[in-house]
file query-v5.csv (CSV, C-alpha atoms)
chain,number,residue,atom,x,y,z
A,1,MET,CA,11.5,-41.8,54.3
A,2,ALA,CA,14.4,-43.2,52.3
A,3,VAL,CA,13.8,-43.0,48.5
A,4,GLN,CA,14.4,-46.4,46.9
A,5,THR,CA,16.4,-46.5,43.7
A,6,ARG,CA,17.4,-49.2,41.3
A,7,GLU,CA,19.5,-49.5,38.2
A,8,VAL,CA,18.2,-49.2,34.7
A,9,ALA,CA,15.6,-51.7,33.7
A,10,PRO,CA,13.4,-51.8,30.6
A,11,ALA,CA,11.1,-48.8,30.6
A,12,ALA,CA,7.5,-49.5,31.5
A,13,ALA,CA,5.8,-46.4,30.2
A,14,PRO,CA,2.1,-46.0,30.7
A,15,GLU,CA,0.1,-47.4,27.8
A,16,GLY,CA,-0.3,-44.8,25.0
A,17,ALA,CA,2.2,-42.4,26.6
A,18,LYS,CA,4.0,-40.1,24.2
A,19,LEU,CA,7.6,-40.3,25.3
A,20,LEU,CA,10.1,-37.5,24.9
A,21,THR,CA,13.0,-37.8,22.4
A,22,SER,CA,16.6,-37.5,23.4
A,23,VAL,CA,16.8,-34.0,21.9
A,24,GLU,CA,13.8,-32.9,24.0
A,25,VAL,CA,15.4,-34.3,27.2
A,26,ALA,CA,18.6,-32.5,26.3
A,27,ARG,CA,16.6,-29.3,25.9
A,28,PHE,CA,15.2,-29.8,29.4
A,29,VAL,CA,18.7,-30.4,30.8
A,30,ALA,CA,19.9,-27.2,29.2
A,31,GLN,CA,16.9,-24.9,29.7
A,32,GLY,CA,15.2,-26.5,32.8
A,33,PHE,CA,11.7,-26.6,31.4
A,34,LEU,CA,9.5,-28.0,28.7
A,35,ARG,CA,6.4,-26.2,27.6
A,36,PHE,CA,3.3,-27.7,26.1
A,37,ASP,CA,0.9,-25.0,24.9
A,38,GLY,CA,-2.8,-25.8,24.9
A,39,ILE,CA,-2.4,-29.6,25.1
A,40,VAL,CA,-5.2,-30.0,27.7
A,41,PRO,CA,-8.5,-30.4,26.0
A,42,ASP,CA,-11.4,-27.9,26.6
A,43,GLU,CA,-13.5,-30.6,28.3
A,44,ILE,CA,-10.9,-30.6,31.1
A,45,ASN,CA,-10.1,-26.9,31.1
A,46,GLY,CA,-13.7,-25.8,31.2
A,47,PRO,CA,-14.7,-27.1,34.7
A,48,ALA,CA,-11.1,-27.1,36.0
A,49,VAL,CA,-11.3,-23.8,38.0
A,50,GLU,CA,-14.4,-25.0,39.8
A,51,ARG,CA,-12.8,-28.3,40.5
A,52,LEU,CA,-9.8,-26.6,41.9
A,53,ALA,CA,-11.9,-24.2,43.9
A,54,ALA,CA,-13.6,-27.2,45.6
A,55,GLY,CA,-10.2,-28.2,46.9
A,56,PRO,CA,-7.6,-30.3,45.1
A,57,GLY,CA,-7.6,-32.8,47.9
A,58,GLU,CA,-5.1,-33.7,50.7
A,59,VAL,CA,-1.8,-35.2,49.6
A,60,ASP,CA,0.9,-36.4,51.9
A,61,TYR,CA,4.6,-36.3,51.0
A,62,GLY,CA,5.7,-39.5,49.4
A,63,MET,CA,2.4,-40.7,48.2
A,64,THR,CA,2.3,-42.6,44.9
A,65,VAL,CA,0.4,-41.0,42.1
A,66,ASP,CA,-2.3,-43.6,42.5
A,67,GLU,CA,-2.6,-43.0,46.2
A,68,ALA,CA,-2.7,-39.2,45.8
A,69,PHE,CA,-4.9,-38.9,42.8
A,70,GLY,CA,-7.8,-41.3,42.4
A,71,PRO,CA,-9.9,-41.7,39.3
A,72,GLY,CA,-12.1,-38.7,38.6
A,73,THR,CA,-9.7,-36.1,40.1
A,74,LEU,CA,-8.4,-33.2,38.0
A,75,ALA,CA,-4.9,-34.3,38.6
A,76,ARG,CA,-5.6,-37.8,37.3
A,77,ASP,CA,-7.2,-36.4,34.2
A,78,LEU,CA,-4.1,-34.3,33.5
A,79,LEU,CA,-1.6,-37.0,34.3
A,80,ASP,CA,-3.4,-39.5,32.0
A,81,LEU,CA,-2.9,-37.3,28.9
A,82,PRO,CA,-0.5,-39.0,26.6
A,83,GLU,CA,1.9,-36.1,26.3
A,84,VAL,CA,2.0,-35.5,30.1
A,85,ALA,CA,2.3,-39.1,31.0
A,86,GLY,CA,5.0,-39.6,28.5
A,87,ALA,CA,7.0,-36.5,29.4
A,88,LEU,CA,6.9,-37.2,33.1
A,89,HIS,CA,7.9,-40.8,32.5
A,90,SER,CA,10.8,-39.7,30.3
A,91,LEU,CA,12.1,-37.3,32.9
A,92,LEU,CA,11.4,-39.2,36.1
A,93,GLY,CA,11.1,-42.8,35.2
A,94,PRO,CA,8.2,-45.0,36.5
A,95,ASN,CA,6.4,-44.6,39.8
A,96,PRO,CA,7.4,-41.1,40.9
A,97,THR,CA,6.0,-40.0,44.2
A,98,ILE,CA,4.1,-36.8,45.0
A,99,ASP,CA,6.0,-34.2,46.9
A,100,HIS,CA,3.1,-31.7,47.2
A,101,HIS,CA,0.5,-29.9,45.2
A,102,ALA,CA,-1.0,-26.4,45.4
A,103,VAL,CA,-3.4,-24.1,43.7
A,104,HIS,CA,-2.1,-20.6,43.0
A,105,VAL,CA,-4.6,-17.8,42.3
A,106,ARG,CA,-3.6,-14.2,41.5
A,107,LYS,CA,-6.6,-12.0,42.0
A,108,PRO,CA,-7.3,-9.0,39.6
A,109,HIS,CA,-4.9,-6.1,40.4
A,110,GLU,CA,-3.5,-8.1,43.3
A,111,GLY,CA,-0.6,-6.5,45.1
A,112,GLU,CA,3.0,-7.4,44.4
A,113,ALA,CA,5.0,-9.7,42.2
A,114,GLN,CA,6.7,-12.6,43.9
A,115,PRO,CA,10.5,-12.2,44.1
A,116,LEU,CA,12.5,-14.4,41.8
A,117,HIS,CA,13.0,-17.7,43.7
A,118,GLY,CA,13.6,-21.4,43.5
A,119,ASP,CA,11.0,-23.6,45.4
A,120,ALA,CA,12.0,-25.2,48.7
A,121,ILE,CA,15.5,-24.9,50.0
A,122,ILE,CA,18.7,-25.1,48.0
A,123,ASP,CA,18.9,-28.5,46.3
A,124,VAL,CA,22.3,-29.3,44.7
A,125,ARG,CA,21.8,-32.9,43.7
A,126,PRO,CA,24.1,-33.4,40.7
A,127,ASP,CA,22.5,-36.7,39.6
A,128,ALA,CA,18.8,-36.4,40.3
A,129,PHE,CA,16.0,-33.7,40.1
A,130,ASP,CA,12.4,-33.2,40.9
A,131,VAL,CA,9.9,-32.1,38.2
A,132,GLN,CA,7.2,-29.5,38.9
A,133,MET,CA,4.2,-29.5,36.7
A,134,MET,CA,2.4,-26.2,36.2
A,135,TYR,CA,-1.1,-26.3,34.6
A,136,TYR,CA,-2.9,-23.1,33.4
A,137,PRO,CA,-6.6,-24.0,32.9
A,138,ARG,CA,-7.4,-20.6,31.4
A,139,GLU,CA,-5.7,-18.2,29.0
A,140,VAL,CA,-2.9,-16.1,30.5
A,141,THR,CA,-2.2,-12.7,29.0
A,142,LEU,CA,0.9,-10.6,29.6
A,143,GLU,CA,-1.2,-8.2,31.7
A,144,MET,CA,-2.4,-11.1,33.9
A,145,GLY,CA,1.1,-11.6,35.3
A,146,GLY,CA,1.8,-15.2,34.2
A,147,THR,CA,4.7,-16.9,35.8
A,148,LEU,CA,8.1,-15.4,35.2
A,149,SER,CA,10.9,-17.9,34.7
A,150,VAL,CA,14.5,-17.8,33.7
A,151,PRO,CA,15.5,-20.4,31.1
A,152,GLY,CA,18.7,-22.2,32.1
A,153,SER,CA,18.9,-20.9,35.7
A,154,HIS,CA,18.1,-24.3,37.3
A,155,LEU,CA,21.8,-25.5,37.7
A,156,ARG,CA,22.7,-22.4,39.7
A,157,ARG,CA,23.3,-23.0,43.4
A,158,THR,CA,21.0,-20.4,45.0
A,159,ASN,CA,18.7,-20.7,48.0
A,160,GLU,CA,15.0,-20.1,47.6
A,161,SER,CA,14.4,-16.3,47.4
A,162,ASP,CA,17.9,-15.1,47.8
A,163,THR,CA,17.6,-14.2,44.1
A,164,GLY,CA,14.9,-11.7,44.9
A,165,ARG,CA,17.2,-8.8,44.0
A,166,TYR,CA,17.0,-9.6,40.3
A,167,GLN,CA,13.9,-8.0,38.8
A,168,ASN,CA,14.6,-8.7,35.1
A,169,LEU,CA,17.0,-10.7,33.2
A,170,ARG,CA,17.6,-10.8,29.4
A,171,GLY,CA,15.8,-13.8,27.8
A,172,GLN,CA,13.4,-14.3,30.8
A,173,THR,CA,10.1,-15.8,30.0
A,174,ARG,CA,7.0,-13.9,31.0
A,175,LEU,CA,4.5,-16.6,30.4
A,176,VAL,CA,1.7,-15.8,28.0
A,177,CYS,CA,-0.3,-18.9,27.0
A,178,PRO,CA,-3.6,-20.3,25.8
A,179,ALA,CA,-5.9,-22.3,28.1
A,180,GLY,CA,-4.7,-25.8,28.8
A,181,THR,CA,-1.0,-25.1,28.8
A,182,ILE,CA,1.3,-27.3,30.9
A,183,VAL,CA,4.9,-26.4,31.8
A,184,LEU,CA,7.3,-29.0,33.3
A,185,LEU,CA,10.1,-27.4,35.3
A,186,HIS,CA,13.3,-28.6,36.9
A,187,HIS,CA,13.1,-28.0,40.6
A,188,GLY,CA,15.9,-25.5,40.6
A,189,ILE,CA,14.6,-23.0,38.0
A,190,TRP,CA,14.3,-19.4,39.0
A,191,HIS,CA,10.7,-18.3,38.8
A,192,GLY,CA,8.0,-16.2,40.3
A,193,GLY,CA,4.4,-15.1,39.9
A,194,ARG,CA,4.2,-11.7,38.3
A,195,ARG,CA,1.9,-8.9,39.4
A,196,ASN,CA,-1.6,-9.3,38.0
A,197,ASP,CA,-2.5,-5.9,36.5
A,198,SER,CA,-5.6,-7.1,34.7
A,199,ASP,CA,-9.3,-7.4,35.7
A,200,THR,CA,-9.1,-11.2,35.4
A,201,ALA,CA,-8.0,-13.7,38.0
A,202,ARG,CA,-5.2,-16.0,37.0
A,203,TYR,CA,-5.1,-19.7,38.0
A,204,MET,CA,-2.3,-22.2,38.1
A,205,TYR,CA,-2.2,-25.7,39.6
A,206,LYS,CA,1.2,-27.1,40.6
A,207,ILE,CA,2.3,-30.6,41.4
A,208,ARG,CA,5.8,-31.6,42.4
A,209,PHE,CA,7.1,-35.0,41.7
A,210,ASN,CA,10.1,-36.9,43.2
A,211,PRO,CA,11.8,-39.7,41.3
A,212,SER,CA,11.8,-43.1,42.8
A,213,VAL,CA,14.3,-44.7,40.4
A,214,LYS,CA,17.6,-43.6,38.8
A,215,GLN,CA,16.7,-41.1,36.1
A,216,ARG,CA,18.4,-42.7,33.2
A,217,LEU,CA,17.2,-43.5,29.7
A,218,TRP,CA,13.5,-43.6,30.4
A,219,TRP,CA,12.7,-41.6,27.2
A,220,ASP,CA,12.6,-42.7,23.5
A,221,THR,CA,16.3,-43.2,23.0
A,222,SER,CA,16.2,-43.9,19.2
A,223,ASP,CA,17.8,-40.5,18.6
A,224,LEU,CA,20.5,-40.8,21.3
A,225,ASP,CA,23.3,-40.0,18.9
A,226,ASP,CA,21.5,-37.1,17.2
A,227,PRO,CA,24.0,-34.1,16.8
A,228,ALA,CA,21.1,-31.8,17.8
A,229,ILE,CA,21.7,-32.9,21.4
A,230,ASP,CA,25.0,-31.1,21.3
A,231,GLN,CA,23.3,-28.0,19.9
A,232,GLU,CA,20.7,-28.1,22.7
A,233,LEU,CA,23.3,-28.5,25.4
A,234,SER,CA,25.6,-25.8,23.9
A,235,LEU,CA,23.0,-23.1,23.8
A,236,ARG,CA,23.9,-19.8,25.6
A,237,ASN,CA,21.2,-17.9,27.5
A,238,PRO,CA,21.3,-14.2,27.0
A,239,TRP,CA,21.3,-13.4,30.8
A,240,THR,CA,24.4,-15.4,31.6
A,241,GLU,CA,27.8,-13.8,32.0
A,242,VAL,CA,30.5,-14.5,29.3
A,243,ALA,CA,32.7,-16.7,31.6
A,244,THR,CA,29.9,-18.4,33.6
A,245,ALA,CA,28.1,-19.4,30.4
A,246,ARG,CA,30.9,-21.9,29.8
A,247,LEU,CA,30.4,-23.3,33.2
A,248,GLU,CA,26.7,-23.7,32.4
A,249,VAL,CA,27.7,-25.9,29.5
A,250,TYR,CA,30.1,-27.8,31.7
A,251,ASN,CA,27.5,-28.6,34.2
A,252,ARG,CA,24.9,-29.6,31.6
A,253,VAL,CA,27.4,-32.1,30.3
A,254,LEU,CA,27.7,-33.6,33.7
A,255,LEU,CA,23.9,-33.9,34.1
A,256,TRP,CA,23.6,-35.4,30.6
A,257,ARG,CA,26.2,-38.0,31.5
A,258,GLU,CA,24.0,-39.0,34.4
A,259,LEU,CA,20.9,-39.2,32.4
A,260,SER,CA,22.3,-40.9,29.3
A,261,GLY,CA,24.8,-43.1,31.0
A,262,LYS,CA,27.4,-41.9,28.5
A,263,ASP,CA,30.4,-41.3,30.9
A,264,ASP,CA,32.6,-39.9,28.1
A,265,TYR,CA,30.1,-37.5,26.6
A,266,ASP,CA,31.5,-34.0,26.2
A,267,ILE,CA,31.1,-30.8,24.3
A,268,ASP,CA,34.3,-29.1,23.0
A,269,PHE,CA,36.4,-31.3,25.2
A,270,TRP,CA,35.7,-29.1,28.3
A,271,VAL,CA,35.0,-31.7,30.9
A,272,THR,CA,37.5,-34.2,29.5
A,273,ARG,CA,40.3,-31.6,29.5
A,274,VAL,CA,40.0,-30.5,33.1
A,275,ARG,CA,39.8,-34.1,34.3
A,276,ASN,CA,42.8,-35.2,32.4
A,277,ARG,CA,45.4,-36.8,34.8
A,278,PRO,CA,48.3,-38.2,32.7
A,279,ALA,CA,50.2,-41.0,34.4
A,280,ALA,CA,53.7,-40.4,35.5
A,281,ASP,CA,56.2,-40.3,32.7
A,282,GLN,CA,57.6,-43.9,32.3
A,283,SER,CA,59.8,-43.2,29.3
A,284,ASN,CA,63.0,-42.9,31.3
B,1,MET,CA,26.4,13.7,62.4
B,2,THR,CA,25.9,17.2,63.8
B,3,ALA,CA,22.5,18.6,64.7
B,4,THR,CA,22.9,21.1,61.8
B,5,GLN,CA,23.6,18.3,59.3
B,6,THR,CA,20.6,16.3,60.6
B,7,GLN,CA,18.3,19.2,60.1
B,8,THR,CA,19.6,19.6,56.6
B,9,VAL,CA,18.9,16.0,55.7
B,10,GLN,CA,15.4,16.1,57.3
B,11,GLY,CA,14.5,19.2,55.4
B,12,SER,CA,15.8,17.9,52.1
B,13,THR,CA,13.6,17.2,49.2
B,14,LEU,CA,16.2,15.1,47.5
B,15,ARG,CA,15.4,11.4,47.2
B,16,GLN,CA,17.5,8.6,45.9
B,17,GLN,CA,16.7,6.4,42.9
B,18,VAL,CA,18.7,3.2,42.6
B,19,LEU,CA,19.5,1.2,39.5
B,20,VAL,CA,21.3,-2.1,39.7
B,21,LEU,CA,22.9,-3.5,36.5
B,22,TYR,CA,24.2,-7.0,36.0
B,23,LEU,CA,26.9,-7.0,33.4
B,24,ALA,CA,28.3,-9.7,31.1
B,25,THR,CA,31.9,-9.3,32.5
B,26,SER,CA,33.5,-7.4,35.4
B,27,ALA,CA,34.1,-4.4,33.0
B,28,LEU,CA,31.8,-1.4,33.4
B,29,ASP,CA,31.4,-1.1,29.7
B,30,ALA,CA,30.2,-4.7,29.3
B,31,ARG,CA,26.7,-5.6,28.1
B,32,VAL,CA,23.8,-5.5,30.5
B,33,VAL,CA,22.3,-9.0,31.2
B,34,GLY,CA,20.0,-8.1,34.1
B,35,TRP,CA,18.6,-5.0,35.8
B,36,SER,CA,16.6,-3.9,38.9
B,37,ARG,CA,15.3,-0.5,39.9
B,38,TYR,CA,14.1,1.1,43.2
B,39,ASP,CA,12.5,4.5,43.3
B,40,GLY,CA,12.9,6.5,46.5
B,41,THR,CA,10.6,9.3,45.2
B,42,GLY,CA,7.6,6.9,45.3
B,43,ALA,CA,6.6,8.0,41.8
B,44,SER,CA,7.0,4.5,40.3
B,45,SER,CA,7.0,1.0,41.6
B,46,PRO,CA,9.4,-1.2,39.6
B,47,THR,CA,9.0,-4.9,40.3
B,48,THR,CA,10.0,-8.4,39.3
B,49,GLY,CA,9.3,-9.2,35.7
B,50,ASP,CA,8.1,-5.9,34.6
B,51,SER,CA,10.2,-5.4,31.4
B,52,ASP,CA,12.0,-7.5,28.9
B,53,GLU,CA,14.4,-4.8,27.6
B,54,PRO,CA,17.1,-3.3,29.8
B,55,PRO,CA,17.2,0.5,30.4
B,56,TYR,CA,20.8,0.7,29.1
B,57,GLU,CA,23.0,-1.5,26.9
B,58,SER,CA,26.0,-1.1,29.2
B,59,GLY,CA,27.1,0.3,32.5
B,60,VAL,CA,28.9,3.2,30.8
B,61,GLU,CA,25.6,4.1,29.0
B,62,ALA,CA,24.0,4.6,32.4
B,63,LEU,CA,26.8,6.9,33.4
B,64,GLN,CA,26.3,8.9,30.3
B,65,ASP,CA,22.6,9.3,31.3
B,66,GLY,CA,23.6,10.8,34.6
B,67,TRP,CA,23.5,7.8,36.9
B,68,ARG,CA,26.3,7.9,39.5
B,69,LEU,CA,28.1,4.6,40.2
B,70,ILE,CA,28.3,3.8,43.9
B,71,GLN,CA,29.4,0.2,44.0
B,72,ALA,CA,30.8,-2.6,41.9
B,73,SER,CA,31.2,-6.2,42.9
B,74,GLN,CA,34.6,-7.4,44.1
B,75,LEU,CA,36.4,-10.0,42.1
B,76,ILE,CA,36.7,-12.9,44.4
B,77,PRO,CA,38.5,-16.1,43.3
B,78,PRO,CA,36.4,-19.3,43.5
B,79,TYR,CA,36.7,-21.3,46.7
B,80,PRO,CA,38.9,-24.3,46.2
B,81,GLY,CA,36.8,-27.2,45.1
B,82,HIS,CA,34.0,-24.9,43.9
B,83,GLU,CA,35.6,-23.7,40.7
B,84,TYR,CA,32.8,-25.1,38.5
B,85,ASP,CA,29.8,-24.1,40.7
B,86,MET,CA,27.4,-21.5,39.4
B,87,SER,CA,25.4,-19.3,41.6
B,88,PHE,CA,24.5,-15.6,41.7
B,89,LEU,CA,25.3,-13.2,39.0
B,90,LYS,CA,28.8,-12.0,39.6
B,91,HIS,CA,29.1,-8.6,38.0
B,92,GLU,CA,26.7,-6.4,40.0
B,93,PHE,CA,26.9,-2.6,39.7
B,94,PHE,CA,24.9,-0.1,41.8
B,95,PHE,CA,24.0,3.3,40.5
B,96,GLU,CA,22.1,6.3,42.0
B,97,LYS,CA,20.3,9.4,40.9
B,98,LEU,CA,19.2,12.1,43.3
B,99,VAL,CA,15.8,13.6,42.4
B,100,ASP,CA,14.3,16.7,43.9
B,101,ILE,CA,10.7,15.9,44.8
B,102,ALA,CA,9.9,19.5,45.7
B,103,GLY,CA,9.8,20.5,42.1
call {"tool": "encode", "arguments": {"input": "query-v5.csv", "output": "structure tokens"}}
result
Amino acid sequence: MAVQTREVAPAAAPEGAKLLTSVEVARFVAQGFLRFDGIVPDEINGPAVERLAAGPGEVDYGMTVDEAFGPGTLARDLLDLPEVAGALHSLLGPNPTIDHHAVHVRKPHEGEAQPLHGDAIIDVRPDAFDVQMMYYPREVTLEMGGTLSVPGSHLRRTNESDTGRYQNLRGQTRLVCPAGTIVLLHHGIWHGGRRNDSDTARYMYKIRFNPSVKQRLWWDTSDLDDPAIDQELSLRNPWTEVATARLEVYNRVLLWRELSGKDDYDIDFWVTRVRNRPAADQSN
Amino acid sequence: MTATQTQTVQGSTLRQQVLVLYLATSALDARVVGWSRYDGTGASSPTTGDSDEPPYESGVEALQDGWRLIQASQLIPPYPGHEYDMSFLKHEFFFEKLVDIAG
């Protein structure tokens, strides 16, 4: 099914949605995730596991959010939270479609860790991205084997579990979080469920969203010229090699240009320099 | 391999432990940015996401602790048109230790 896109139009965020700032979107561009610890209230977290156990419901690829998740569903309750609605709108724009959803349960002392991987097949879109929402209804301790992820890995061009050889990287995130935590991920981030060495089952509910509009300026842009954006996009991750870390910044600049519409945005002149093509010398 | 050699291998109690270090540059004395371990003795089961601190600070430090380097990544120029692409970690170094499991 062809995905319809359109040019930028005034944002129609859900009523009450708490939009991201430009600095927060730049952080997502650089790190590939945004984390919201404990933002889901206890009245949703409490019965969440039982609701998930009853089955999250059938969802077909390409359904709208309204088609996929009717009133009263757990997903609807999560997506209606102001922080979640605002963050998803900021990153995806209005009317994203549902790719798929799934419940992941790691039983006590269950077998093996997942190899480090990116979901689905290699996805090298330079001007668009999917967002994956991960919801943890209960507290996750280090021993319970919460999701491993590698900040800043999402712009690397690797295919699914070909990264399985990497067991540990400096600066990796071994998720430890309170109940009601939500993490929003760029589709390309390297991640995996860690081995559960505890006596307690670990639950995670995941929904993947596809954008249906050009992902540009859907957030609160009042800080679009904040120098903190440069700082976010310049940050080096401790697992990256010296030389490739510069390419990370280069590729973040390209993605930020797409999202912000600022075609001349740059950091330390890196993109501008290598694209410079002086005209032939006419002085003679 | 001769029959005698085969017998020697089969009767051996030596097992291989493998350490993979990913370094910040192509130099063996560069800083460790990633690591993986595999234990042929069966005494341990290293796995994904099991530690936040590397076993060594550099490749040379692993040599000093008795690991034997068996492979380093080749330096391959970027393919034309893909000079700015990022993919796998480039500076991969394989080490081994032989452990006598009879002891």
call {"tool": "residues_near_point", "arguments": {"input": "query-v5.csv", "point": "(25.9, 2.3, 41.9)", "cutoff": "6 Å", "atoms": "all atoms listed in the file", "output": "list in words"}}
result
Leu69, Ile70, Gln71, Phe93, Phe94, Phe95 and Glu96 of chain B
call {"tool": "residues_around", "arguments": {"input": "query-v5.csv", "residues": "Leu169 (chain A)", "least_positions_apart": "2", "cutoff": "10 Å", "atoms": "all atoms listed in the file", "output": "list in words"}}
result
Ser149, Val150, Tyr166, Gln167, Gly171, Gln172, Thr173, Pro238, Trp239 and Thr240 of chain A; Leu21, Tyr22, Val32, Val33, Gly34, Trp35, Ser36, Thr48, Gly49, Ser51, Asp52, Glu53 and Pro54 of chain B
call {"tool": "write_last_selection", "arguments": {"input": "query-v5.csv", "atoms": "C-alpha atoms", "output": "tab-separated table (two decimals), keeping the file's coordinate frame"}}
result
chain	number	residue	atom	x	y	z
A	149	SER	CA	10.90	-17.90	34.70
A	150	VAL	CA	14.50	-17.80	33.70
A	166	TYR	CA	17.00	-9.60	40.30
A	167	GLN	CA	13.90	-8.00	38.80
A	171	GLY	CA	15.80	-13.80	27.80
A	172	GLN	CA	13.40	-14.30	30.80
A	173	THR	CA	10.10	-15.80	30.00
A	238	PRO	CA	21.30	-14.20	27.00
A	239	TRP	CA	21.30	-13.40	30.80
A	240	THR	CA	24.40	-15.40	31.60
B	21	LEU	CA	22.90	-3.50	36.50
B	22	TYR	CA	24.20	-7.00	36.00
B	32	VAL	CA	23.80	-5.50	30.50
B	33	VAL	CA	22.30	-9.00	31.20
B	34	GLY	CA	20.00	-8.10	34.10
B	35	TRP	CA	18.60	-5.00	35.80
B	36	SER	CA	16.60	-3.90	38.90
B	48	THR	CA	10.00	-8.40	39.30
B	49	GLY	CA	9.30	-9.20	35.70
B	51	SER	CA	10.20	-5.40	31.40
B	52	ASP	CA	12.00	-7.50	28.90
B	53	GLU	CA	14.40	-4.80	27.60
B	54	PRO	CA	17.10	-3.30	29.80
call {"tool": "closest_residue", "arguments": {"input": "query-v5.csv", "among": "A:Val140, A:Thr244, A:Val183, A:Pro82", "to": "His91 (chain B)", "atoms": "all atoms listed in the file"}}
result
A:Thr244
call {"tool": "atom_distance", "arguments": {"input": "query-v5.csv", "atom1": "CA of Leu259 (chain A)", "atom2": "CA of Ile229 (chain A)"}}
result
12.7 Å
call {"tool": "residues_around", "arguments": {"input": "query-v5.csv", "residues": "Asp77 (chain A)", "least_positions_apart": "5", "cutoff": "12 Å", "atoms": "only C-alpha atoms", "output": "NGL selection string"}}
result
:A and (40-41 or 43-45 or 47-48 or 51 or 65 or 69-72 or 82 or 84-85 or 135)
call {"tool": "interface_residues", "arguments": {"input": "query-v5.csv", "of": "chain A", "to": "chain B", "cutoff": "8 Å", "atoms": "only C-alpha atoms", "output": "PyMOL selection string"}}
result
chain A and resi 112-116+148+155-158+163+165-172+174+194+238-244+247-248+250-251
call {"tool": "closest_residue", "arguments": {"input": "query-v5.csv", "among": "B:Pro55, B:Gly103, B:Gly66, B:Pro78", "to": "Arg15 (chain B)", "atoms": "only C-alpha atoms"}}
result
B:Gly103
call {"tool": "atom_distance", "arguments": {"input": "query-v5.csv", "atom1": "CA of Arg35 (chain A)", "atom2": "CA of Leu184 (chain A)"}}
result
6.4 Å
call {"tool": "closest_residue", "arguments": {"input": "query-v5.csv", "among": "A:Ser260, A:Asn276, A:Asn210, A:Gln132", "to": "Thr64 (chain A)", "atoms": "only C-alpha atoms"}}
result
A:Asn210
call {"tool": "residues_near_point", "arguments": {"input": "query-v5.csv", "point": "(20.2, 6.2, 35.9)", "cutoff": "8 Å", "atoms": "only C-alpha atoms", "output": "VMD selection string"}}
result
chain B and resid 17 to 19 62 to 63 65 to 68 95 to 97
call {"tool": "write_last_selection", "arguments": {"input": "query-v5.csv", "atoms": "C-alpha atoms", "output": "PDB file, keeping the file's coordinate frame"}}
result
ATOM      1  CA  GLN B  17      16.700   6.400  42.900  1.00  0.00           C
ATOM      2  CA  VAL B  18      18.700   3.200  42.600  1.00  0.00           C
ATOM      3  CA  LEU B  19      19.500   1.200  39.500  1.00  0.00           C
ATOM      4  CA  ALA B  62      24.000   4.600  32.400  1.00  0.00           C
ATOM      5  CA  LEU B  63      26.800   6.900  33.400  1.00  0.00           C
ATOM      6  CA  ASP B  65      22.600   9.300  31.300  1.00  0.00           C
ATOM      7  CA  GLY B  66      23.600  10.800  34.600  1.00  0.00           C
ATOM      8  CA  TRP B  67      23.500   7.800  36.900  1.00  0.00           C
ATOM      9  CA  ARG B  68      26.300   7.900  39.500  1.00  0.00           C
ATOM     10  CA  PHE B  95      24.000   3.300  40.500  1.00  0.00           C
ATOM     11  CA  GLU B  96      22.100   6.300  42.000  1.00  0.00           C
ATOM     12  CA  LYS B  97      20.300   9.400  40.900  1.00  0.00           C
TER      13      LYS B  97
END
call {"tool": "axis_aligned_box", "arguments": {"input": "query-v5.csv", "around": "region 62-67 of chain B", "padding_each_side": "4 Å", "output": "lines of an AutoDock Vina configuration file"}}
result
center_x = 24.7
center_y = 7.7
center_z = 33.6
size_x = 12.2
size_y = 14.2
size_z = 14.6
call {"tool": "atom_distance", "arguments": {"input": "query-v5.csv", "atom1": "CA of Ala27 (chain B)", "atom2": "CA of Gln64 (chain B)"}}
result
15.7 Å
call {"tool": "residues_around", "arguments": {"input": "query-v5.csv", "residues": "Pro211 (chain A)", "least_positions_apart": "4", "cutoff": "10 Å", "atoms": "all atoms listed in the file", "output": "JSON, numbers by chain"}}
result
{"A": [3, 4, 5, 88, 89, 91, 92, 93, 94, 95, 96, 97, 98, 99, 128, 129, 130, 131, 215]}
call {"tool": "closest_residue", "arguments": {"input": "query-v5.csv", "among": "A:Leu74, A:Ala68, A:Val105, A:Leu235", "to": "Gln31 (chain A)", "atoms": "all atoms listed in the file"}}
result
A:Leu235
call {"tool": "residues_around", "arguments": {"input": "query-v5.csv", "residues": "Leu224 (chain A)", "least_positions_apart": "3", "cutoff": "10 Å", "atoms": "all atoms listed in the file", "output": "list in words"}}
result
Thr21, Ser22, Val23, Ala26, Leu217, Trp219, Asp220, Thr221, Pro227, Ala228, Ile229 and Ser260 of chain A
call {"tool": "residues_around", "arguments": {"input": "query-v5.csv", "residues": "Leu233 (chain A)", "least_positions_apart": "5", "cutoff": "8 Å", "atoms": "only C-alpha atoms", "output": "ChimeraX atom specification"}}
result
/A:26-27,29-30,249,252-253
